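Below is entry.txt, which holds compact mmCIF, C-alpha atoms and all ligand atoms.
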```txt
# COMPACT_ATOMS: atom_id res chain seq x y z
CA MET A 1 -0.49 -31.43 -13.67
CA PRO A 2 -0.97 -31.95 -9.87
CA THR A 3 -4.48 -30.98 -8.70
CA LEU A 4 -3.24 -28.47 -6.10
CA LEU A 5 -1.14 -26.59 -8.66
CA LEU A 6 -4.01 -26.60 -11.15
CA ALA A 7 -6.50 -25.34 -8.52
CA TYR A 8 -4.10 -22.57 -7.46
CA LEU A 9 -3.54 -21.38 -11.03
CA VAL A 10 -7.28 -21.46 -11.78
CA LEU A 11 -7.94 -19.39 -8.64
CA CYS A 12 -5.28 -16.81 -9.61
CA THR A 13 -6.70 -16.56 -13.12
CA ALA A 14 -10.29 -16.23 -11.86
CA TRP A 15 -9.31 -13.38 -9.50
CA TRP A 16 -7.33 -11.70 -12.27
CA ALA A 17 -10.34 -11.95 -14.63
CA PHE A 18 -12.64 -10.43 -12.00
CA GLU A 19 -10.25 -7.51 -11.42
CA PHE A 20 -9.91 -7.02 -15.17
CA TYR A 21 -13.69 -6.83 -15.51
CA VAL A 22 -13.96 -4.34 -12.63
CA GLY A 23 -11.21 -2.20 -14.20
CA ARG A 24 -13.06 -2.15 -17.53
CA ARG A 25 -16.22 -1.01 -15.74
CA GLN A 26 -14.34 1.85 -14.10
CA ALA A 27 -12.85 2.92 -17.44
CA ALA A 28 -16.30 2.87 -19.09
CA CYS A 29 -17.89 4.84 -16.24
CA VAL A 30 -15.20 7.55 -16.26
CA GLN A 31 -15.40 7.84 -20.05
CA ARG A 32 -19.21 8.12 -20.02
CA TYR A 33 -19.13 11.22 -17.77
CA ARG A 34 -15.94 12.72 -19.22
CA ASP A 35 -17.65 15.78 -20.72
CA GLN A 36 -19.86 16.67 -17.80
CA VAL A 37 -18.76 17.96 -14.36
CA PRO A 38 -21.06 16.47 -11.67
CA ALA A 39 -23.61 19.04 -10.45
CA ALA A 40 -22.19 19.15 -6.90
CA PHE A 41 -18.81 20.33 -8.26
CA ALA A 42 -20.05 22.63 -11.03
CA GLN A 43 -18.84 25.69 -9.06
CA SER A 44 -15.51 24.31 -7.88
CA VAL A 45 -14.11 22.15 -10.73
CA THR A 46 -13.64 23.31 -14.32
CA LEU A 47 -14.52 21.08 -17.30
CA GLU A 48 -10.83 21.14 -18.27
CA ASP A 49 -9.75 19.77 -14.86
CA HIS A 50 -12.56 17.21 -14.94
CA ARG A 51 -11.42 15.90 -18.34
CA ARG A 52 -7.81 15.80 -17.19
CA SER A 53 -8.88 13.57 -14.23
CA ALA A 54 -10.81 11.31 -16.60
CA ASP A 55 -7.82 10.94 -18.94
CA TYR A 56 -5.40 10.31 -16.09
CA THR A 57 -7.72 7.67 -14.59
CA ARG A 58 -8.05 5.96 -18.00
CA ASP A 59 -4.28 5.92 -18.60
CA ARG A 60 -3.61 4.61 -15.11
CA LEU A 61 -6.19 1.83 -15.51
CA ARG A 62 -4.50 0.84 -18.76
CA LEU A 63 -1.12 0.59 -17.03
CA ASP A 64 -2.66 -1.35 -14.10
CA ALA A 65 -4.18 -3.81 -16.59
CA ILE A 66 -0.78 -4.39 -18.20
CA ALA A 67 0.84 -4.80 -14.76
CA SER A 68 -1.76 -7.37 -13.68
CA ILE A 69 -1.24 -9.42 -16.87
CA VAL A 70 2.53 -9.35 -16.23
CA ASP A 71 1.94 -10.43 -12.61
CA LEU A 72 -0.25 -13.32 -13.69
CA ALA A 73 2.32 -14.42 -16.28
CA VAL A 74 5.09 -14.23 -13.66
CA THR A 75 3.00 -16.43 -11.31
CA PHE A 76 2.57 -19.02 -14.07
CA VAL A 77 6.26 -19.02 -15.04
CA ALA A 78 7.33 -19.18 -11.37
CA LEU A 79 5.10 -22.12 -10.47
CA LEU A 80 5.49 -24.08 -13.70
CA TRP A 81 9.25 -23.64 -14.01
CA ALA A 82 11.30 -20.96 -12.24
CA LEU A 83 10.86 -21.91 -8.55
CA ASP A 84 11.86 -25.52 -9.17
CA PHE A 85 14.65 -24.56 -11.54
CA VAL A 86 16.30 -22.05 -9.16
CA THR A 87 15.96 -24.43 -6.20
CA GLY A 88 17.65 -27.20 -8.23
CA LEU A 89 20.37 -24.85 -9.47
CA VAL A 90 21.33 -23.65 -5.96
CA SER A 91 21.13 -27.23 -4.63
CA GLY A 92 23.82 -28.10 -7.16
CA TRP A 93 26.17 -25.47 -5.70
CA MET A 94 25.62 -25.74 -1.94
CA ALA A 95 24.90 -28.35 0.75
CA PRO A 96 21.56 -28.03 2.60
CA SER A 97 21.83 -25.09 5.02
CA ILE A 98 20.19 -21.81 5.95
CA ALA A 99 22.69 -20.08 3.65
CA ARG A 100 21.48 -22.22 0.76
CA SER A 101 17.83 -21.39 1.49
CA LEU A 102 18.72 -17.69 1.71
CA ALA A 103 20.58 -17.87 -1.60
CA THR A 104 17.54 -19.49 -3.26
CA LEU A 105 15.13 -16.85 -1.95
CA GLY A 106 17.65 -14.09 -2.73
CA ILE A 107 17.93 -15.07 -6.40
CA LEU A 108 14.13 -15.30 -6.74
CA TRP A 109 13.68 -11.92 -5.04
CA LEU A 110 16.31 -10.30 -7.27
CA CYS A 111 14.58 -11.67 -10.39
CA SER A 112 11.16 -10.39 -9.32
CA SER A 113 12.61 -6.95 -8.38
CA LEU A 114 14.28 -6.62 -11.77
CA LEU A 115 11.09 -7.73 -13.55
CA SER A 116 9.01 -5.07 -11.78
CA LEU A 117 11.51 -2.30 -12.56
CA PRO A 118 10.48 -1.42 -16.16
CA LEU A 119 6.76 -1.04 -15.38
CA SER A 120 7.47 1.01 -12.32
CA ALA A 121 9.75 3.28 -14.38
CA VAL A 122 6.97 3.67 -16.98
CA ARG A 123 4.55 4.54 -14.16
CA ASP A 124 6.74 7.13 -12.44
CA LEU A 125 8.74 8.60 -15.30
CA GLY A 126 6.09 8.11 -18.02
CA LEU A 127 2.50 8.39 -16.79
CA GLU A 128 3.10 10.50 -13.66
CA GLN A 129 5.51 12.71 -15.60
CA ARG A 130 2.97 13.29 -18.39
CA TYR A 131 0.36 14.57 -15.94
CA GLY A 132 2.86 16.69 -14.05
CA PHE A 133 2.89 14.63 -10.84
CA ASN A 134 6.39 13.23 -11.04
CA ARG A 135 9.33 15.33 -9.90
CA LYS A 136 11.82 12.47 -9.70
CA THR A 137 14.72 12.54 -12.13
CA PRO A 138 15.69 9.14 -13.59
CA GLY A 139 18.74 9.34 -11.31
CA LEU A 140 16.67 9.84 -8.15
CA PHE A 141 14.29 7.09 -9.28
CA LEU A 142 17.19 4.62 -9.55
CA ARG A 143 18.81 5.80 -6.29
CA ASP A 144 15.47 5.30 -4.46
CA ARG A 145 15.16 1.82 -5.92
CA LEU A 146 18.70 0.89 -4.88
CA LYS A 147 18.20 2.27 -1.36
CA ALA A 148 14.93 0.32 -1.00
CA MET A 149 16.62 -2.88 -2.19
CA LEU A 150 19.53 -2.34 0.19
CA LEU A 151 17.05 -1.85 3.05
CA THR A 152 15.27 -5.08 2.10
CA VAL A 153 18.59 -6.93 2.28
CA ILE A 154 19.63 -5.32 5.59
CA ILE A 155 16.25 -5.84 7.32
CA GLY A 156 14.74 -8.73 5.40
CA GLY A 157 17.87 -10.90 5.20
CA PRO A 158 18.37 -11.49 8.96
CA LEU A 159 14.59 -11.73 9.42
CA VAL A 160 14.18 -14.49 6.83
CA ALA A 161 17.30 -16.25 8.18
CA GLY A 162 15.63 -16.21 11.64
CA ILE A 163 12.39 -17.65 10.23
CA LEU A 164 14.29 -20.40 8.38
CA TRP A 165 16.22 -21.20 11.57
CA ALA A 166 12.96 -21.43 13.59
CA LEU A 167 11.42 -23.67 10.93
CA ARG A 168 14.43 -25.99 10.99
CA ASP A 169 15.45 -26.10 14.67
CA LEU A 170 12.45 -25.35 16.87
CA ARG A 171 10.14 -28.12 18.00
CA GLY A 172 6.34 -27.76 18.02
CA PRO A 173 4.65 -24.56 16.86
CA TRP A 174 7.80 -22.76 15.67
CA TRP A 175 5.70 -20.09 14.00
CA VAL A 176 4.48 -18.74 17.37
CA TYR A 177 8.03 -17.45 18.06
CA VAL A 178 8.15 -15.93 14.59
CA TRP A 179 4.79 -14.26 15.26
CA ALA A 180 5.99 -12.83 18.60
CA ALA A 181 9.17 -11.45 16.99
CA LEU A 182 7.30 -9.96 14.02
CA THR A 183 4.74 -8.36 16.35
CA VAL A 184 7.49 -6.56 18.27
CA ILE A 185 9.00 -5.40 14.97
CA MET A 186 5.57 -4.24 13.67
CA LEU A 187 4.95 -2.18 16.79
CA ALA A 188 8.41 -0.61 16.71
CA ALA A 189 8.40 -0.09 12.94
CA PRO A 190 6.50 3.23 12.70
CA THR A 191 8.82 4.91 15.21
CA VAL A 192 11.96 3.45 13.63
CA TYR A 193 10.61 4.36 10.20
CA VAL A 194 10.11 7.99 11.11
CA ARG A 195 13.38 8.42 12.96
CA VAL A 196 15.77 6.24 10.96
CA VAL A 197 14.38 5.20 7.57
CA ALA A 198 12.35 8.19 6.37
CA PRO A 199 15.18 10.76 6.93
CA TRP A 200 17.20 8.64 4.51
CA PHE A 201 14.71 9.51 1.77
CA ASN A 202 13.36 12.93 2.84
CA ARG A 203 14.09 15.96 4.99
CA PHE A 204 11.81 16.76 7.95
CA THR A 205 11.72 20.26 9.41
CA PRO A 206 9.63 21.37 12.39
CA LEU A 207 6.70 23.52 11.32
CA ASP A 208 6.62 27.09 12.63
CA GLY A 209 4.79 30.39 12.12
CA ASP A 210 1.07 31.24 12.15
CA LEU A 211 -0.06 27.92 10.73
CA ALA A 212 1.89 25.96 13.37
CA ALA A 213 0.29 28.06 16.14
CA ARG A 214 -3.16 27.49 14.65
CA LEU A 215 -2.60 23.73 14.42
CA GLU A 216 -1.16 23.56 17.96
CA ALA A 217 -4.37 25.24 19.15
CA LEU A 218 -6.41 22.62 17.29
CA LEU A 219 -4.40 19.84 18.97
CA VAL A 220 -5.08 21.36 22.40
CA ARG A 221 -8.79 21.70 21.57
CA CYS A 222 -8.87 18.00 20.61
CA GLY A 223 -6.89 16.96 23.70
CA PHE A 224 -4.09 15.50 21.58
CA ARG A 225 -0.46 15.10 22.61
CA SER A 226 2.26 14.67 20.03
CA ASP A 227 5.96 14.81 19.48
CA GLY A 228 5.54 17.68 17.08
CA LEU A 229 4.45 18.95 13.69
CA PHE A 230 6.80 18.42 10.77
CA GLU A 231 7.04 19.48 7.17
CA MET A 232 8.37 16.89 4.70
CA ASP A 233 10.02 17.82 1.37
CA ALA A 234 7.77 15.48 -0.66
CA SER A 235 8.04 17.87 -3.62
CA ARG A 236 11.41 16.31 -4.47
CA ARG A 237 9.55 13.27 -5.80
CA SER A 238 5.94 14.12 -6.48
CA SER A 239 3.62 17.11 -6.68
CA ARG A 240 0.86 15.28 -4.77
CA GLY A 241 -0.18 16.69 -1.40
CA ASN A 242 -0.68 14.52 1.68
CA ALA A 243 -0.48 14.41 5.45
CA PHE A 244 0.02 11.54 7.85
CA PHE A 245 0.42 10.65 11.50
CA VAL A 246 2.92 8.07 12.67
CA GLY A 247 3.81 6.30 15.89
CA PHE A 248 1.98 5.48 19.09
CA GLY A 249 1.53 7.17 22.45
CA PRO A 250 3.52 10.35 23.10
CA THR A 251 6.05 9.58 20.32
CA LYS A 252 3.56 10.16 17.53
CA ARG A 253 4.28 12.82 14.96
CA ILE A 254 2.21 14.76 12.48
CA VAL A 255 3.87 15.08 9.09
CA LEU A 256 2.58 17.47 6.43
CA PHE A 257 3.89 17.35 2.86
CA ASP A 258 5.33 20.67 1.66
CA THR A 259 3.15 20.18 -1.45
CA LEU A 260 0.05 20.25 0.80
CA LEU A 261 1.20 23.41 2.56
CA GLU A 262 1.87 25.07 -0.81
CA LYS A 263 -1.56 24.48 -2.31
CA HIS A 264 -4.09 24.59 0.51
CA ALA A 265 -5.52 27.51 2.47
CA PRO A 266 -4.84 27.43 6.25
CA ASP A 267 -8.47 26.50 7.07
CA GLU A 268 -8.25 23.54 4.67
CA ILE A 269 -5.00 22.35 6.25
CA GLU A 270 -6.65 22.66 9.65
CA ALA A 271 -9.54 20.50 8.38
CA ILE A 272 -7.12 17.88 7.02
CA VAL A 273 -5.27 17.70 10.36
CA ALA A 274 -8.63 17.53 12.20
CA HIS A 275 -9.55 14.56 9.98
CA GLU A 276 -6.28 12.81 10.93
CA LEU A 277 -6.99 13.58 14.61
CA GLY A 278 -10.37 11.90 14.08
CA HIS A 279 -8.55 8.67 13.25
CA PHE A 280 -6.72 8.92 16.55
CA LYS A 281 -9.84 9.82 18.55
CA HIS A 282 -11.59 6.73 17.20
CA ARG A 283 -8.46 4.60 17.83
CA HIS A 284 -8.29 3.55 14.18
CA THR A 285 -4.48 3.29 14.28
CA LEU A 286 -4.57 1.09 17.38
CA THR A 287 -7.38 -1.21 16.19
CA GLY A 288 -5.70 -1.37 12.77
CA ALA A 289 -2.46 -2.54 14.41
CA LEU A 290 -4.37 -5.11 16.50
CA ARG A 291 -6.13 -6.42 13.39
CA GLY A 292 -2.75 -6.72 11.71
CA ILE A 293 -1.33 -8.68 14.65
CA VAL A 294 -4.31 -11.07 14.76
CA SER A 295 -4.26 -11.68 10.99
CA LEU A 296 -0.51 -12.26 11.13
CA PHE A 297 -1.14 -14.92 13.80
CA ALA A 298 -3.73 -16.67 11.63
CA MET A 299 -1.54 -16.40 8.54
CA LEU A 300 1.53 -17.85 10.30
CA ALA A 301 -0.52 -20.66 11.86
CA VAL A 302 -1.60 -21.75 8.38
CA VAL A 303 1.90 -21.29 6.90
CA GLY A 304 3.46 -23.14 9.87
CA TRP A 305 1.18 -26.09 9.31
CA LEU A 306 1.54 -26.09 5.50
CA CYS A 307 5.37 -25.96 5.60
CA ARG A 308 5.56 -29.30 7.41
CA GLN A 309 3.10 -31.14 5.16
CA PRO A 310 4.84 -33.76 2.99
CA TRP A 311 2.33 -33.17 0.16
CA LEU A 312 3.06 -29.44 -0.25
CA LEU A 313 6.05 -29.59 -2.64
CA PRO A 314 4.78 -32.53 -4.78
CA GLY A 315 1.34 -30.86 -4.78
CA PHE A 316 2.90 -27.91 -6.64
CA GLY A 317 4.81 -30.26 -8.94
CA MET A 318 8.23 -29.42 -7.45
CA ARG A 319 10.97 -31.99 -8.03
CA HIS A 320 13.55 -30.30 -5.81
CA ALA A 321 13.18 -29.63 -2.10
CA ASP A 322 14.36 -26.88 0.22
CA PRO A 323 12.78 -25.31 3.34
CA ALA A 324 12.86 -21.97 1.47
CA LEU A 325 10.65 -23.42 -1.24
CA ALA A 326 8.23 -24.87 1.33
CA LEU A 327 8.07 -21.50 3.09
CA LEU A 328 7.44 -19.63 -0.16
CA LEU A 329 4.73 -22.02 -1.38
CA GLY A 330 3.17 -22.07 2.11
CA PHE A 331 2.89 -18.27 1.99
CA MET A 332 1.53 -18.30 -1.56
CA LEU A 333 -1.12 -20.89 -0.70
CA ALA A 334 -2.05 -19.22 2.60
CA SER A 335 -2.44 -15.90 0.74
CA ALA A 336 -4.88 -17.43 -1.75
CA ALA A 337 -7.76 -16.13 0.36
CA SER A 338 -6.20 -12.71 0.96
CA PRO A 339 -8.13 -10.91 -1.82
CA VAL A 340 -11.33 -11.70 0.09
CA PHE A 341 -9.85 -10.47 3.40
CA GLY A 342 -8.62 -7.42 1.52
CA LEU A 343 -12.22 -6.57 0.58
CA PHE A 344 -13.24 -6.63 4.25
CA GLY A 345 -10.20 -4.57 5.25
CA ARG A 346 -11.00 -1.87 2.71
CA ALA A 347 -14.67 -1.80 3.78
CA ILE A 348 -13.56 -1.17 7.38
CA SER A 349 -11.13 1.51 6.23
CA ARG A 350 -13.88 3.31 4.29
CA ARG A 351 -16.09 3.33 7.39
CA HIS A 352 -13.20 4.81 9.37
CA GLU A 353 -12.83 7.61 6.82
CA PHE A 354 -16.46 8.63 7.37
CA GLN A 355 -15.91 8.66 11.14
CA ALA A 356 -12.78 10.82 10.76
CA ASP A 357 -14.69 13.19 8.43
CA ASP A 358 -17.47 13.44 11.03
CA PHE A 359 -14.90 14.33 13.67
CA ALA A 360 -13.33 16.99 11.41
CA ARG A 361 -16.77 18.48 10.75
CA SER A 362 -17.46 18.69 14.49
CA MET A 363 -14.15 20.51 15.09
CA VAL A 364 -13.87 22.91 12.13
CA GLY A 365 -17.19 22.67 10.26
CA ALA A 366 -18.06 21.04 6.94
CA ALA A 367 -17.05 23.84 4.55
CA PRO A 368 -13.21 23.72 4.92
CA MET A 369 -13.25 19.92 4.74
CA VAL A 370 -15.34 19.97 1.56
CA SER A 371 -13.07 22.52 -0.10
CA ALA A 372 -9.94 20.59 1.01
CA LEU A 373 -11.31 17.35 -0.46
CA THR A 374 -12.34 19.06 -3.69
CA ARG A 375 -8.91 20.61 -4.10
CA LEU A 376 -7.20 17.27 -3.33
CA ALA A 377 -9.35 15.47 -5.91
CA ARG A 378 -8.62 18.13 -8.51
CA ASP A 379 -4.88 18.35 -7.84
CA ASN A 380 -4.46 14.55 -7.70
CA ALA A 381 -6.70 14.06 -10.78
CA SER A 382 -8.97 11.63 -8.87
CA THR A 383 -12.13 10.90 -10.77
CA LEU A 384 -15.39 12.41 -9.51
CA THR A 385 -17.43 9.78 -11.39
CA PRO A 386 -16.18 6.36 -10.20
CA ASP A 387 -17.89 3.05 -10.81
CA PRO A 388 -19.51 1.83 -7.55
CA LEU A 389 -18.29 -1.78 -7.96
CA PHE A 390 -14.71 -0.62 -8.66
CA SER A 391 -14.85 1.55 -5.56
CA LEU A 392 -16.20 -1.35 -3.47
CA VAL A 393 -13.32 -3.59 -4.61
CA HIS A 394 -10.38 -1.18 -4.63
CA ASP A 395 -10.95 1.94 -2.57
CA THR A 396 -9.55 2.36 0.93
CA HIS A 397 -11.15 5.83 1.00
CA PRO A 398 -14.72 6.51 -0.17
CA PRO A 399 -14.66 8.50 -3.44
CA VAL A 400 -14.60 12.29 -2.93
CA PRO A 401 -18.20 12.88 -4.20
CA VAL A 402 -19.46 10.34 -1.65
CA ARG A 403 -17.45 11.94 1.18
CA VAL A 404 -18.61 15.44 0.21
CA ALA A 405 -22.27 14.30 0.13
CA HIS A 406 -21.76 12.68 3.55
CA LEU A 407 -20.20 15.87 5.00
CA LEU A 408 -23.06 18.03 3.71
CA ALA A 409 -25.81 15.59 4.76
ZN ZN B 501 -8.46 9.39 6.73
```
Here is a file; write its structure as structure tokens.
Amino acid sequence: MPTLLLAYLVLCTAWWAFEFYVGRRQAACVQRYRDQVPAAFAQSVTLEDHRRSADYTRDRLRLDAIASIVDLAVTFVALLWALDFVTGLVSGWMAPSIARSLATLGILWLCSSLLSLPLSAVRDLGLEQRYGFNRKTPGLFLRDRLKAMLLTVIIGGPLVAGILWALRDLRGPWWVYVWAALTVIMLAAPTVYVRVVAPWFNRFTPLDGDLAARLEALLVRCGFRSDGLFEMDASRRSSRGNAFFVGFGPTKRIVLFDTLLEKHAPDEIEAIVAHELGHFKHRHTLTGALRGIVSLFAMLAVVGWLCRQPWLLPGFGMRHADPALALLLGFMLASAASPVFGLFGRAISRRHEFQADDFARSMVGAAPMVSALTRLARDNASTLTPDPLFSLVHDTHPPVPVRVAHLLA
């Protein structure tokens, strides 16, 4: 086996083994404290709810473990056989062209989408259904999947064709043009998403009444300008509550899930919105976008260089050649270090959550934020007794007990 291929597979397996170990730790930690509500939540969370969170966390970890084994197996099959086989098969049908490269990538994408379908059905219609989170019917689940795949074809197809064209026809650092184009798309995406894509999946209605007036007053107090407050009918798919902000500058919108509005008291909703405003005050959205643009530049520089190296395809043991295959392997190899970057990214995100909580506390006080977080943890069955190493590796948000302790400090 070529050394590069062997090294890549060893790296994938090592990362998988580490994640498996961390998952086992989390399961053990949650199980250990299953019968005892942490002292800080003794007044606000019942033992029954606490056990339900523990069981949900355990079942989800089990499913994640199965998914990661499937992923690892798919990586092995792809690199040892499927990528080369599909490239050879399509080469037999078509002369070298961008259409041929697109056909190769299209077949591979279709295979991986179909492979991920059963586990995702088990997750949504099995696990989430059992704990009362899922509200999707099998029909809606399939319709969502089909719509998402159609969107990938409509948006991804021309995009990949453009990248393949740049790789083939542009002299010098072709990837710089790709980077510039992707950056424009990334900056426009949130606005396009909210106005064009999201309405395809959900209904958005402007918020009105007492709560809207109260939130508008909060926005004024924080010196925040927006394109409006909206309620989204998230309850069609899931019972989980959430809120998010999208867009930049004056086109940004605040979207509250109807499930959040149903379950939380007005002062808790105010605290949640104040937390989101904290992200804007500290420019987390903007710096996050800038970080994304810089990492995309670095990623494409590496991919751009790798794609034109004559050793890339033989290094992975490929007998057939196509620019699509070089692009795919370039991306896979360049992403080999992404788990490490992911750790840094999540550490930054956790720090941002503390800053946003601090801002919320300064605007509405600690109490409504603490009760909002407690209710969210209970309703979403998030564990109150996580393993610290698991949290360090996986969490984009500090665990609720840590955030509550920080708010009350
Ligand atoms: Zn946040």
Can I get the residues close to ligand ZN 501 (chain B) as a PyMOL selection string, where close means within 7 Å and we count all atoms listed in the file? chain A and resi 275-276+279+353+356
Restricting the calculation to all atoms listed in the file: of A:Val197, A:Ala17, A:Ile98, A:Leu333, which residue gets closest to Met299 of chain A?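 Of A:Val197, A:Ala17, A:Ile98, A:Leu333, the one nearest Met299 of chain A, counting all atoms listed in the file, is A:Leu333.
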Identify the residues around (8.0, -15.1, 0.8) within a radius of 12 Å, measuring from all atoms listed in the file in the coordinates stated by the file, and give them as JSON, numbers by chain. {"A": [83, 101, 102, 104, 105, 106, 108, 109, 112, 156, 157, 159, 160, 161, 163, 164, 300, 303, 323, 324, 325, 326, 327, 328, 329, 330, 331, 332, 333, 334, 335]}
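As for atom CA of Gly315 of chain A and atom CA of Phe85 of chain A, they are spaced 16.2 Å apart.
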Could you pull the residues within 10 Å of Ser382 of chain A, counting all atoms listed in the file, minus those fewer than 5 positions along the same chain, as a ChimeraX atom specification? /A:50,52-54,56-57,374,376-377,399-400
Atom CA of Val220 of chain A to atom CA of Thr205 of chain A, distance in Å rounded to a single decimal: 21.3 Å
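The space separating atom CA of Leu80 of chain A from atom CA of Tyr8 of chain A comes to 11.5 Å.
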Using all atoms listed in the file, find all polymer residues with an atom at most 12 Å away from the point (-4.3, -0.4, -13.7); report them as a ChimeraX atom specification. /A:16,19-24,26-27,56-71,119-120,123,127,390,394
Nearest to Pro138 of chain A: which of A:Leu215, A:Arg237, A:Asp55, A:Glu48 is it, counting only C-alpha atoms?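 Looking at the shortest contact to Pro138 of chain A, the residue is A:Arg237.
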Using all atoms listed in the file, which of the listed residues (A:Gly92, A:Pro2, A:Pro38, A:Gly132) sits closest to Pro386 of chain A? A:Pro38
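Checking A:Leu4, A:Leu277, A:Leu207, A:Ala347 one by one against Arg361 of chain A, counting only C-alpha atoms, you find the shortest gap at A:Leu277.
With all atoms listed in the file as the atoms that count, the minimum distance from Leu9 of chain A to the choices A:Trp93, A:Phe316, A:Phe133, A:Phe344 is reached by A:Phe316.
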Any chance you could work out the axis-aligned box around segment 209-223 of chain A, listed atoms only, 3 Å on each side, giving centre and edge lengths in Å to one decimal, as AutoDock Vina command-line options?
```
--center_x -2.0 --center_y 24.1 --center_z 17.2 --size_x 19.7 --size_y 20.3 --size_z 19.0
```
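Counting only C-alpha atoms and comparing A:Leu229, A:Ile154, A:Val402, A:Leu296, the residue that lies closest to Asp208 of chain A is A:Leu229.
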